[in-house]
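Chemist: Provided herewith is a single structure, encoded as structure tokens, for subsequent inquiry.
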Amino acid sequence: MTVQEVGSPRKRSEDARLITGRTRWTDNMTPAGTLHIAFLRSPHAHARITGVDTAPAKDRPGVVAVFSGRDLAAEQGSLPCAWVVTDDMKHPDHPPMAVEEVRYVGEPVACVVARDKAAAVDALEEIDVDYEPMSAVVDMEAAIADGADLVHDDLETNKSYTWVFENGDLDAAMRDAPVVLERRYVQQRLIPTAMEPRSVLCVPEGDEYTLYSATQIPHILRLMLATVTEIPEHRIRVVAPDVGGGFGSKLQVYGEEVIALLLARRLGRPVKWTETRSEGNMTVHHGRDQIQRITLAAERDGRIRGLKVDLLADMGAYLMLVTPGIPLLGAFMFNGIYKMDALSFTCTGVFTTKTPTDAYRGAGRPEATYAIERMMDELAAELGLDPIEVRRRNWIEHEEFPYETIAGLTYDSGNYEAATAKALELFEYDKLRAEQSDRRERQDPVQLGIGVSTFTEMCGLAPSRVLGSLSYGAGGWEHAAVRVLPSGKVEVVTGSSAHGQGHETAWAQITADRLGVPFEDVKVLHGDTAISHKGMDTYGSRSLAVGGVALFSACEKVVDKARKVAAHLLEAAEQDLEFTGGRFSVRGVQEEGRTLQEVALAAFAAHDLPDGIEPSLDSDATFDPDNFSFPHGTHLCAAEVDTETGMVKLRKYVAVDDVGKVVNPLIVEGQVHGGLAQGIAQALYEEAVYDADGNLTTTTMADYLIPSAADLPSFTTDRTETPATSNPMGVKGVGEAGTIASTPAVVNAIVDALRPHGVHDVPMPCSPERVWRAMRAEDKPAASEPGAGGGLGSAGGAQ
Amino acid sequence: MPRIRVEVDGTTYEDDVEPRLLLVHYLRERLGKVGTPVGCDTSNCGACTVLMDGVSVKSCSVLAVQADGRDVTTVEGLGAGGGTHPMQRAFHEEHALQCGYCTPGMIMASLDLLRENADPSEDEVREGLEGNLCRCTGYQNIVKAVRRAAGEMREPGRQEVTP
Amino acid sequence: MIPATFDYVRPTSVDDACRALADAGEDAKVLAGGQSLMPLLRMRLAIPDALIDLDRLDGLREIRDDGDSLVIGAMATHHQVMRDPLVREHAPLLARATETVADPAVRHRGTFGGSVAHADPAGDLPAVALALDAVLVVRSVRGEREIPASEFFVDWMTTSMEPDELLVGVRVPKMGSGWGVHYEKFHRTAQAWAIVGVACAVRRNGDGVEEARVALTNMGPTPVRAHSVEVAVRGAGSEDAFRTAAAQAAAGTEPPTDLHGSSEYRTHLATVLTARALAAAVG
């Protein structure tokens with residue numbers, strides 16, 4: 001003692017089991033007597049189910065039971081949507097297994113329960129389903145046109161809702177504006193692709209159920225399962241054991257989870273289901289999928305007057321847990337780090353016969369950041385300014401914090417100048433600009449582009465008050481408990497549920513510092529509703545900024561109580577005690593003292609406690625922030641673009657992030673790296689592609705391109721540190737920052753490389769063909785699509 | 001059903017297997033060796049990578065019956081006497097894992113890489129791991145870990161690369 | 001996913017394998033390295049009645065010198081081929097192209113013979129076989145015959161082998177001295193299939209190209225030999241000249257349109273990549 005734990009790059013304690021294969025993935029668990037479930041899924045994007053014959057499947061060897069959606073109709077309920085964004089939002093029923101109609105390819109229609117997986121899968125082929133095909137509704141713009149085929153006939157429209165936010169006088173800002181830029185950007189649909197496929201195991205014990213699931217949200221899942229199935233909440237225990245990544249995809253209440261619970265109840269035996277990757281690509285909720293029409297008005301000197309945002313957001317076939325709210329999480333971020341007089345945001349949620357969308361890393365904020373950061377580069381190009389300079393003329397200066405933005409948020413702290421200065425230096429910006437000019441002059445077939453992204457985001461979801469004002473179905477607080485065991489070892493319980501974020505390490509670091517106990521003496525417990533009785537789980541970069549702060553307060557409570565006991569034992573006044581290095585002593589009298597462990601034992605024995613003090617030092621606390629956290633940063637990307645083939649190669653990537661105070665720099669850097677990889681992948685590689693009949697054509701990893709080590713560059717990362725003022729630790733979220741910042745940085749670099757070719761947009765993902773076509777489109781302006789930037793609807797042949 | 005005899009992580013097993021049983025399912029479901037996970041169905045992700053007769057294979061693309069008479073090493077078989085292998089330690093030291101789902105396959109593929117090239121450059125590591133996907137780390141720390149392990153394993157007196 | 005059930009046969013001699021294939025009829029599949037077939041089985045895109053596994057035919061893993069040519073056993077793995085000293089010396093184009101196939105673990109199982117017999121036009125090695133004028137040695141209970149690569153690939157994933165015939169080896173003529181080779185593979189991610197690939201070998205004579213072989217990956221239902229380029233490039237010695245010669249690369253091809261590239265784009269790529277391959281092969 002005493003090492004300062006917070007701020008030190010502590011190696012993760014959770015690694016021990018993960019590097020040795022002694023893991024507890026849901027699919028690793030098969031209690032005796034477990035039955036296996038396999039789902040039959042719709043091959044149609046849209047069809048009426050006119051009959052399901054399960055009899056032949058029931059006769060297959062090893063098959064215990066077969067159910068169609070109709071067989072479970074009375075008990076399966078409807079999957080929940082917890083975010084009713086407007087009073088008149090259209091919200092269709094969503095049975096876990098389809099009963100009358102299927103509305104996306106992959107929707108479950110029946111299931112087999114068998115003694116082993118192979119028997120279950122074999123029997124699927126014996127189920128006979130009669131479908132009457134209906135029209136697929138694939139394209140959002142067509143879906144909202146008059147006379148469009150409907151996804152849900154009874155709703156009489158494909159519009160779920162229209163949500164509007166306005167502040168400032170947009171008309172005034174637009175009127176006579178010297179510069180008005182209109183652009184249309186498409187946020188392609190993405191498949192989150194956590195490495196661990198979904199898996200659920202439900203073990204019945206009498207009328208109680210333990211449901212193990214590869215989920216990010218054991219607490220929310222328990223409540224929702226109880227609501228959907230009407231099994232009382234206290235009869236359900238949800239465990240999220242080791243969970244192999246989520247990125248939002250496991251922030252969901254999935255039909256398969258509901259069905260597993262119902263089947264465990266019906267059959268009285270453990271049941272398990274694990275998806276295959278191709279099954280998952282069709283049925284794990286997708287992310288992004290917006291069409292953005294952006295209008296920006298500015299002065300000739302580059303100062304922004306106002307911004308108008310008109311979104312179409314693809315909901316897919318149904319509204320899932322927070323589907324309709326995802327674009328709204330971006331509503332307040334379109335203004336980015338910039339000052340302006342007016343903002344208008346309109347979003348229409350649209351039903352299509354595709355997999356439902358929902359949260360994917362960044363959830364609404366990457367889309368918004370992409371739009372504004374692309375627009376800033378367009379503005380710079382329009383005015384002949386350096387993209388850094390145009391940002392500088394608009395951004396909030398560090399003296400201006402706290403700053404209330406045009407979107408009504410109060411950014412508590414930030415220093416965009418510092419982060420940008422550091423990034424420019426690391427990037428060797430001037431040197432690369434010189435190389436760019438040189439290549440342009442030489443007409444080098446490989447052109448160099450520099451992309452800028454100066455971003456912020458709102459995370460640390462979220463102040464409950466704000467969530468309430470947005471009609472979200474729950475609060476945004478987090479819970480922590482500290483149990484000081486008689487031996488002086490410490491158990492920490494957190495309501496946040498890690499799936500790769502390293503809570504077991506970071507939470508122990510916080511605890512070790514606050515309680516003055518060795519790091520190794522702290523055990524962090526999470527992901528089990530029987531152990532952590534309340535929590536709001538993990539998403540929206542909230543774990544540290546909300547849950548970590550709850551732990552910070554819970555530790556304070558332990559120390560406060562221990563101080564009372566120690567004062568009693570030392571026969572001293574509380575105010576005369578100091579607590580350093582885990583030991584209470586009378587100020588000025590170092591020899592006499594009691595360690596926290598000694599106090600814990602005394603509090604456990606309870607032989608001699610002060611009046612009114614209950615035994616044990618245990619504490620719990622919740623933290624409900626009064627503001628979001630606003631990490632920010634400056635990302636710079638250099639891309640080489642082969643003008644003959646359209647191939648893009650990232651040459652250099654510098655990310656300077658400001659996430660406030662840092663608990664574990666190793667973990668923070670890792671989060672940034674991973675975020676960058678996913679954001680770059682959106683820019684260059686990934687897209688869920690549907691054909692005109694509504695078939696997903698990217699069902700496997702051979703077609704949905706996840707980059708490997710060979711496809712990504714080495715990143716240069718650094719930080720500035722501007723503490724958050726909205727929590728006592730000064731911390732901000734980091735989980736999504738890299739993803740949010742990097743996509744526009746990459747696309748800006750590609751467009752920058754090709755500006756001399758007349759290119760001002762390349763739709764994502766910027767496949768070689770799209771880059772090549774963007775250059776050709778500019779050669780033939782007649783082919784341009786109005787307002788479409790580069791004039792490209794889609795990659796040739798990709799549909 | 002064919003009968004196979006296979007050595008896995010130093011233990012010999014004899015089992016009757018359905019011909020269609022994949023090696024990875026044999027490991028997980030018959031032998032309880034759940035340290036090797038499955039991440040896809042097209043042999044793209046590499047999560048299930050094991051060594052068979054000392055070289056890396058994707059155990060989802062090998063039938064159990066094809067492992068008859070072979071020697072299979074999984075992540076659970078690394079590290080003599082309950083310790084950890086330098087590669088495992090390097091992954092820990094360099095924070096080369098987050099959720100950890102790709103880690104067993106990544107470690108096994110990395111061992112295979114060093115078997116062929118004891119001192120790989122950064123680019124060689126990246127190319128060598130092209131068949132193993134990770135969604136959390138952005139690979140940067142994985143590359144560092146492999147090079148760190150390579151350095152340690154080249155030290156005089158170290159055993160050769162194979163586990 | 002789990003494959004559907006099948007009868008499994010693991011012959012221990014080529015004769016046994018041929019007999020098994022003859023007995024099994026048309027719904028049998030031959031399993032070589034399995035790196036293409038296993039995913040198809042798992043996703044039940046292939047549901048054969050019988051699987052004839054060549055895994056234990058060690059004799060077919062041999063790579064031997066046969067005078068003017070190498071004979072590469074059908075079960076020689078990619079890993080083996082790309083490292084083999086005979087291949088590196090006498091068929092360096094094959095070694096180079098094989099290095100770009102999939103990833104190390106797949107290359108440990110996947111085989112040259114399997115890739116060629118699978119005849120996927122997006123695969124890298126069929127084009128190489130075509131460029132090298134390889135001869136496919138096939139055997140059945142009816143005997144052995146040799147099929148030139150130019151007559152082997154007849155349609156999309158279809159070869160001129162009869163259903164009872166087994167590919168046992170590939171005869172690759174030795175290149176001799178003075179040849180430069182290159183395989184130009186254009187793909188979006190390291191794992192992805194080639195959008196277009198160009199297998200190229202050129203024999204130099206002084207400043208110019210005296211002889212060239214060029215074949216294209218994924219420019220049609222079969223690999224395609226770019227004969228017009230081979231003629232046009234004779235005598236070429238500069239990048240401009242290669243470019244001019246390569247302008248004909250896509251002539252007569254029927255490139256597909258799929259998720260990763262349109263027919264039009266592939267047509268364009270073929271010319272760019274062929275010019276680059278020629279330049280790289282000349283060195």
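Naming scheme: A, B, ... for chains in displayed order of the structure tokens; residues 1 onward per chain; ligands 1 onward as shown.
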Report as CSV: every residue of chain C with an atom at most 10 Å from chain A, its closest pair of atoms, and their distance in Å to one decimal, counting only C-alpha atoms, with rows sorted by chain and ascending residue number.
Modeler:
residue,atom,partner,partner_atom,distance
C:Met1,CA,A:Thr276,CA,6.0
C:Ile2,CA,A:Ala118,CA,6.3
C:Pro3,CA,A:Ala118,CA,8.3
C:Ala4,CA,A:Asp122,CA,7.0
C:Thr5,CA,A:Asp122,CA,8.8
C:Met43,CA,A:Ser278,CA,8.5
C:Phe186,CA,A:Met647,CA,9.0
C:His187,CA,A:Pro768,CA,9.1
C:Arg188,CA,A:Ser767,CA,7.3
C:Thr189,CA,A:Asp711,CA,6.0
C:Ala190,CA,A:Ala710,CA,6.2
C:Gln191,CA,A:Ala702,CA,7.8
C:Ala192,CA,A:Ala702,CA,6.6
C:Trp193,CA,A:Ala702,CA,8.2
C:Pro256,CA,A:Gly797,CA,9.2
C:Thr257,CA,A:Gly797,CA,5.4
C:Asp258,CA,A:Gly797,CA,5.7
C:Leu259,CA,A:Ala798,CA,4.4
C:His260,CA,A:Ala798,CA,6.5
C:Gly261,CA,A:Gly797,CA,6.0
C:Ser262,CA,A:Gly797,CA,4.5
C:Ser263,CA,A:Gly797,CA,7.6
C:Glu264,CA,A:Gly796,CA,8.4
C:Tyr265,CA,A:Glu769,CA,6.5
C:Arg266,CA,A:Glu769,CA,9.0
C:His268,CA,A:Thr645,CA,8.2
C:Leu269,CA,A:Thr645,CA,6.4
C:Ala270,CA,A:Thr645,CA,9.9
C:Val272,CA,A:Glu644,CA,7.0
C:Leu273,CA,A:Thr645,CA,8.5
Chemist: Using only C-alpha atoms, determine which residues lie at most 9 Å from segment 20-36 of chain A, disregarding the query and same-chain residues fewer than 6 positions distant; provide the list as a ChimeraX atom specification.
Modeler: /A:64,112-120,196,198-201,203,212-214,240-244,269-274 /B:28-29,32-37,74-79,84,88,100-101,103-104
Chemist: Run DSSP on the backbone and give me the residues of segment 61-248 of chain C it puts in strand (DSSP E or B), as a PyMOL selection string.
Modeler: chain C and resi 63-66+69-73+77+111+135-140+143-148+153-155+158-159+166-173+179-186+196-205+208-217+224-225
Chemist: Keeping only C-alpha atoms, take the residues you just selected and write them out as a PDB file, in the first residue's frame.
Modeler:
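Output contents, as saved in part06.pdb:
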ATOM      1  CA  ILE C  63       3.974 -33.810 -54.906  1.00  0.00           C
ATOM      2  CA  ARG C  64       6.426 -35.364 -57.293  1.00  0.00           C
ATOM      3  CA  ASP C  65       8.729 -34.459 -60.120  1.00  0.00           C
ATOM      4  CA  ASP C  66       7.665 -36.203 -63.304  1.00  0.00           C
ATOM      5  CA  SER C  69       5.887 -31.606 -65.201  1.00  0.00           C
ATOM      6  CA  LEU C  70       5.031 -31.824 -61.545  1.00  0.00           C
ATOM      7  CA  VAL C  71       2.288 -34.102 -60.408  1.00  0.00           C
ATOM      8  CA  ILE C  72       0.482 -32.683 -57.434  1.00  0.00           C
ATOM      9  CA  GLY C  73      -1.608 -35.193 -55.573  1.00  0.00           C
ATOM     10  CA  THR C  77      -3.013 -29.188 -48.904  1.00  0.00           C
ATOM     11  CA  THR C 111      -6.485 -29.015 -50.891  1.00  0.00           C
ATOM     12  CA  VAL C 135      -3.873 -31.368 -66.814  1.00  0.00           C
ATOM     13  CA  LEU C 136      -6.333 -32.965 -64.454  1.00  0.00           C
ATOM     14  CA  VAL C 137      -5.808 -36.631 -63.787  1.00  0.00           C
ATOM     15  CA  VAL C 138      -9.073 -38.381 -63.018  1.00  0.00           C
ATOM     16  CA  ARG C 139      -9.778 -41.970 -62.226  1.00  0.00           C
ATOM     17  CA  SER C 140     -12.762 -44.237 -61.947  1.00  0.00           C
ATOM     18  CA  GLY C 143      -9.805 -46.401 -65.705  1.00  0.00           C
ATOM     19  CA  GLU C 144      -7.765 -43.231 -65.683  1.00  0.00           C
ATOM     20  CA  ARG C 145      -7.850 -40.298 -68.081  1.00  0.00           C
ATOM     21  CA  GLU C 146      -6.310 -36.869 -68.308  1.00  0.00           C
ATOM     22  CA  ILE C 147      -8.319 -33.731 -68.991  1.00  0.00           C
ATOM     23  CA  PRO C 148      -6.636 -30.473 -69.987  1.00  0.00           C
ATOM     24  CA  PHE C 153     -14.208 -26.254 -66.294  1.00  0.00           C
ATOM     25  CA  VAL C 154     -17.448 -26.404 -68.195  1.00  0.00           C
ATOM     26  CA  ASP C 155     -19.880 -24.272 -66.206  1.00  0.00           C
ATOM     27  CA  THR C 158     -19.314 -27.887 -62.948  1.00  0.00           C
ATOM     28  CA  THR C 159     -16.476 -29.874 -64.440  1.00  0.00           C
ATOM     29  CA  LEU C 166     -12.334 -38.891 -58.868  1.00  0.00           C
ATOM     30  CA  LEU C 167      -9.675 -36.238 -59.295  1.00  0.00           C
ATOM     31  CA  VAL C 168      -6.464 -37.898 -58.173  1.00  0.00           C
ATOM     32  CA  GLY C 169      -3.833 -35.408 -59.240  1.00  0.00           C
ATOM     33  CA  VAL C 170      -2.958 -32.348 -61.218  1.00  0.00           C
ATOM     34  CA  ARG C 171      -0.148 -32.389 -63.725  1.00  0.00           C
ATOM     35  CA  VAL C 172       1.450 -28.981 -63.909  1.00  0.00           C
ATOM     36  CA  PRO C 173       3.983 -28.376 -66.695  1.00  0.00           C
ATOM     37  CA  TRP C 179       9.348 -16.644 -66.433  1.00  0.00           C
ATOM     38  CA  GLY C 180       8.000 -14.063 -64.058  1.00  0.00           C
ATOM     39  CA  VAL C 181       4.707 -14.670 -62.299  1.00  0.00           C
ATOM     40  CA  HIS C 182       2.085 -12.804 -60.349  1.00  0.00           C
ATOM     41  CA  TYR C 183      -1.354 -13.415 -58.939  1.00  0.00           C
ATOM     42  CA  GLU C 184      -3.280 -10.168 -58.537  1.00  0.00           C
ATOM     43  CA  LYS C 185      -6.156 -10.731 -56.152  1.00  0.00           C
ATOM     44  CA  PHE C 186      -8.638  -7.968 -55.608  1.00  0.00           C
ATOM     45  CA  VAL C 196     -11.576 -10.388 -59.714  1.00  0.00           C
ATOM     46  CA  GLY C 197      -8.246 -12.168 -59.751  1.00  0.00           C
ATOM     47  CA  VAL C 198      -5.598 -12.282 -62.443  1.00  0.00           C
ATOM     48  CA  ALA C 199      -3.184 -15.177 -62.711  1.00  0.00           C
ATOM     49  CA  CYS C 200      -0.304 -14.160 -64.861  1.00  0.00           C
ATOM     50  CA  ALA C 201       2.973 -15.632 -66.084  1.00  0.00           C
ATOM     51  CA  VAL C 202       5.256 -13.967 -68.588  1.00  0.00           C
ATOM     52  CA  ARG C 203       8.491 -14.986 -70.235  1.00  0.00           C
ATOM     53  CA  ARG C 204      10.728 -12.077 -70.928  1.00  0.00           C
ATOM     54  CA  ASN C 205      13.076 -11.667 -73.805  1.00  0.00           C
ATOM     55  CA  GLY C 208       9.782  -7.248 -74.051  1.00  0.00           C
ATOM     56  CA  VAL C 209       7.398 -10.035 -73.291  1.00  0.00           C
ATOM     57  CA  GLU C 210       7.896 -13.051 -75.448  1.00  0.00           C
ATOM     58  CA  GLU C 211       5.144 -15.248 -74.112  1.00  0.00           C
ATOM     59  CA  ALA C 212       2.380 -14.736 -71.593  1.00  0.00           C
ATOM     60  CA  ARG C 213      -0.339 -16.741 -69.896  1.00  0.00           C
ATOM     61  CA  VAL C 214      -3.176 -14.876 -68.333  1.00  0.00           C
ATOM     62  CA  ALA C 215      -6.278 -16.309 -66.699  1.00  0.00           C
ATOM     63  CA  LEU C 216      -9.018 -14.560 -64.772  1.00  0.00           C
ATOM     64  CA  THR C 217     -10.816 -15.450 -61.570  1.00  0.00           C
ATOM     65  CA  VAL C 224     -11.337 -17.618 -68.177  1.00  0.00           C
ATOM     66  CA  ARG C 225      -8.142 -17.587 -70.192  1.00  0.00           C
TER      67      ARG C 225
END
Chemist: Would you list which chain B residues are within 7 Å of chain A using only C-alpha atoms, as an mmCIF file with N, CA and C atoms, in the first residue's frame?
Modeler:
data_model
loop_
_atom_site.group_PDB
_atom_site.id
_atom_site.type_symbol
_atom_site.label_atom_id
_atom_site.label_comp_id
_atom_site.auth_asym_id
_atom_site.auth_seq_id
_atom_site.Cartn_x
_atom_site.Cartn_y
_atom_site.Cartn_z
ATOM 1 N N VAL B 34 -15.633 -27.298 -23.233
ATOM 2 C CA VAL B 34 -16.397 -26.145 -23.710
ATOM 3 C C VAL B 34 -15.539 -24.890 -23.830
ATOM 4 N N GLY B 35 -14.247 -25.024 -23.591
ATOM 5 C CA GLY B 35 -13.355 -23.875 -23.763
ATOM 6 C C GLY B 35 -13.246 -23.432 -25.208
ATOM 7 N N THR B 36 -13.585 -24.300 -26.135
ATOM 8 C CA THR B 36 -13.532 -23.969 -27.560
ATOM 9 C C THR B 36 -14.941 -23.621 -28.030
ATOM 10 N N GLY B 39 -18.481 -19.732 -33.360
ATOM 11 C CA GLY B 39 -18.919 -18.369 -33.642
ATOM 12 C C GLY B 39 -19.596 -18.172 -34.983
ATOM 13 N N CYS B 40 -19.504 -19.169 -35.868
ATOM 14 C CA CYS B 40 -20.165 -18.988 -37.170
ATOM 15 C C CYS B 40 -20.418 -20.352 -37.783
ATOM 16 N N ASP B 41 -20.989 -20.363 -38.989
ATOM 17 C CA ASP B 41 -21.193 -21.652 -39.638
ATOM 18 C C ASP B 41 -20.560 -21.696 -41.023
ATOM 19 N N THR B 42 -19.635 -20.793 -41.266
ATOM 20 C CA THR B 42 -18.998 -20.758 -42.578
ATOM 21 C C THR B 42 -17.477 -20.795 -42.485
ATOM 22 N N ASN B 44 -15.523 -18.770 -41.100
ATOM 23 C CA ASN B 44 -14.912 -17.450 -41.224
ATOM 24 C C ASN B 44 -14.303 -16.924 -39.923
ATOM 25 N N VAL B 75 -7.425 -24.830 -26.241
ATOM 26 C CA VAL B 75 -6.908 -23.817 -25.311
ATOM 27 C C VAL B 75 -6.809 -24.389 -23.896
ATOM 28 N N GLU B 76 -7.653 -25.373 -23.613
ATOM 29 C CA GLU B 76 -7.636 -25.953 -22.268
ATOM 30 C C GLU B 76 -6.406 -26.820 -22.031
ATOM 31 N N GLN B 88 -0.896 -17.180 -23.589
ATOM 32 C CA GLN B 88 -2.037 -16.794 -22.750
ATOM 33 C C GLN B 88 -1.667 -15.601 -21.874
ATOM 34 N N HIS B 92 -3.141 -11.567 -21.722
ATOM 35 C CA HIS B 92 -3.537 -10.881 -20.489
ATOM 36 C C HIS B 92 -2.740 -9.582 -20.324
ATOM 37 N N GLU B 93 -1.447 -9.671 -20.473
ATOM 38 C CA GLU B 93 -0.578 -8.515 -20.233
ATOM 39 C C GLU B 93 -0.895 -7.358 -21.172
ATOM 40 N N HIS B 95 -3.743 -6.742 -22.691
ATOM 41 C CA HIS B 95 -5.185 -6.455 -22.792
ATOM 42 C C HIS B 95 -5.687 -6.774 -24.196
ATOM 43 N N GLN B 98 -11.394 -8.613 -24.729
ATOM 44 C CA GLN B 98 -12.418 -7.917 -23.951
ATOM 45 C C GLN B 98 -13.496 -8.918 -23.568
ATOM 46 N N CYS B 99 -14.409 -9.232 -24.488
ATOM 47 C CA CYS B 99 -15.416 -10.237 -24.099
ATOM 48 C C CYS B 99 -14.792 -11.615 -24.000
ATOM 49 N N GLY B 100 -13.751 -11.860 -24.769
ATOM 50 C CA GLY B 100 -13.006 -13.112 -24.644
ATOM 51 C C GLY B 100 -13.529 -14.271 -25.475
ATOM 52 N N TYR B 101 -14.570 -14.024 -26.261
ATOM 53 C CA TYR B 101 -15.164 -15.151 -26.991
ATOM 54 C C TYR B 101 -14.254 -15.644 -28.116
ATOM 55 N N CYS B 102 -13.557 -14.715 -28.759
ATOM 56 C CA CYS B 102 -12.662 -15.118 -29.852
ATOM 57 C C CYS B 102 -11.318 -15.608 -29.322
ATOM 58 N N THR B 103 -11.070 -15.387 -28.033
ATOM 59 C CA THR B 103 -9.728 -15.557 -27.482
ATOM 60 C C THR B 103 -9.155 -16.974 -27.624
ATOM 61 N N PRO B 104 -9.917 -18.024 -27.312
ATOM 62 C CA PRO B 104 -9.318 -19.360 -27.471
ATOM 63 C C PRO B 104 -8.824 -19.614 -28.895
ATOM 64 N N ARG B 126 -0.723 -9.654 -38.490
ATOM 65 C CA ARG B 126 -2.052 -9.302 -38.999
ATOM 66 C C ARG B 126 -2.482 -10.272 -40.099
ATOM 67 N N GLU B 127 -1.573 -10.540 -41.036
ATOM 68 C CA GLU B 127 -1.901 -11.488 -42.107
ATOM 69 C C GLU B 127 -2.140 -12.889 -41.552
ATOM 70 N N LEU B 129 -3.319 -13.790 -38.811
ATOM 71 C CA LEU B 129 -4.553 -13.946 -38.043
ATOM 72 C C LEU B 129 -5.782 -13.555 -38.854
ATOM 73 N N GLU B 130 -5.625 -13.543 -40.175
ATOM 74 C CA GLU B 130 -6.741 -13.075 -41.010
ATOM 75 C C GLU B 130 -7.966 -13.981 -40.898
ATOM 76 N N ASN B 132 -9.248 -15.148 -38.129
ATOM 77 C CA ASN B 132 -9.826 -15.105 -36.785
ATOM 78 C C ASN B 132 -10.403 -13.722 -36.541
ATOM 79 N N LEU B 133 -11.696 -13.669 -36.328
ATOM 80 C CA LEU B 133 -12.356 -12.377 -36.167
ATOM 81 C C LEU B 133 -12.569 -12.049 -34.694
ATOM 82 N N CYS B 134 -12.353 -10.770 -34.396
ATOM 83 C CA CYS B 134 -12.610 -10.256 -33.058
ATOM 84 C C CYS B 134 -13.465 -9.014 -33.241
ATOM 85 N N ARG B 135 -14.455 -8.853 -32.397
ATOM 86 C CA ARG B 135 -15.342 -7.707 -32.561
ATOM 87 C C ARG B 135 -15.075 -6.643 -31.495
ATOM 88 N N CYS B 136 -14.228 -6.943 -30.514
ATOM 89 C CA CYS B 136 -14.061 -6.009 -29.395
ATOM 90 C C CYS B 136 -12.799 -5.168 -29.468
ATOM 91 N N THR B 137 -11.694 -5.762 -29.853
ATOM 92 C CA THR B 137 -10.394 -5.135 -29.567
ATOM 93 C C THR B 137 -9.832 -4.276 -30.686
ATOM 94 N N GLY B 138 -10.384 -4.390 -31.889
ATOM 95 C CA GLY B 138 -9.754 -3.694 -33.010
ATOM 96 C C GLY B 138 -8.399 -4.290 -33.365
ATOM 97 N N TYR B 139 -8.062 -5.411 -32.722
ATOM 98 C CA TYR B 139 -6.883 -6.246 -33.018
ATOM 99 C C TYR B 139 -5.542 -5.658 -32.567
ATOM 100 N N GLN B 140 -5.496 -4.379 -32.267
ATOM 101 C CA GLN B 140 -4.189 -3.760 -32.032
ATOM 102 C C GLN B 140 -3.441 -4.449 -30.888
#
Chemist: Give me, as JSON lines, each residue of chain B that comes within 7 Å of chain C, together with its shortest interatomic pair and the distance in Å at one decimal, counting only C-alpha atoms, with rows ordered by chain and rising residue number.
Modeler:
{"residue": "B:Pro19", "atom": "CA", "partner": "C:Tyr8", "partner_atom": "CA", "distance": 6.1}
{"residue": "B:Arg20", "atom": "CA", "partner": "C:Pro3", "partner_atom": "CA", "distance": 6.0}
{"residue": "B:Asp41", "atom": "CA", "partner": "C:Pro39", "partner_atom": "CA", "distance": 6.1}
{"residue": "B:Thr42", "atom": "CA", "partner": "C:Pro39", "partner_atom": "CA", "distance": 4.9}
{"residue": "B:Ser43", "atom": "CA", "partner": "C:Pro39", "partner_atom": "CA", "distance": 6.9}
{"residue": "B:Ser56", "atom": "CA", "partner": "C:Ala105", "partner_atom": "CA", "distance": 5.0}
{"residue": "B:Val57", "atom": "CA", "partner": "C:Ala105", "partner_atom": "CA", "distance": 4.6}
{"residue": "B:Lys58", "atom": "CA", "partner": "C:Ala105", "partner_atom": "CA", "distance": 6.2}
{"residue": "B:Ser61", "atom": "CA", "partner": "C:Met38", "partner_atom": "CA", "distance": 5.4}
{"residue": "B:Gly128", "atom": "CA", "partner": "C:Pro104", "partner_atom": "CA", "distance": 6.7}
{"residue": "B:Glu130", "atom": "CA", "partner": "C:Asp103", "partner_atom": "CA", "distance": 6.0}
{"residue": "B:Gly131", "atom": "CA", "partner": "C:Asp103", "partner_atom": "CA", "distance": 5.0}
Chemist: Report the residues of segment 27-138 of chain B whose backbone DSSP state falls under alpha helix (DSSP H), written as an MDAnalysis selection string.
Modeler: chainID B and resid 86:93 103:116 122:128
Chemist: Skipping near chain neighbours, those fewer than 4 positions away, what residues fall within 9 Å of Val6 of chain B using only C-alpha atoms, listed as a PyMOL selection string?
Modeler: chain B and resi 11-15+67-72
Chemist: Which one of A:Met376, A:Met315, A:Val228, A:Met174 sits closest to Val151 of chain A if you count only C-alpha atoms?
Modeler: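 Of A:Met376, A:Met315, A:Val228, A:Met174, the one nearest Val151 of chain A, counting only C-alpha atoms, is A:Met315.
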Chemist: I want to know what sits within 9 Å of segment 309-311 of chain A, based on only C-alpha atoms, with residues of the same chain fewer than 4 positions away left out; could you give that as a PyMOL selection string?
Modeler: chain A and resi 290-296+327+331+334+343-349
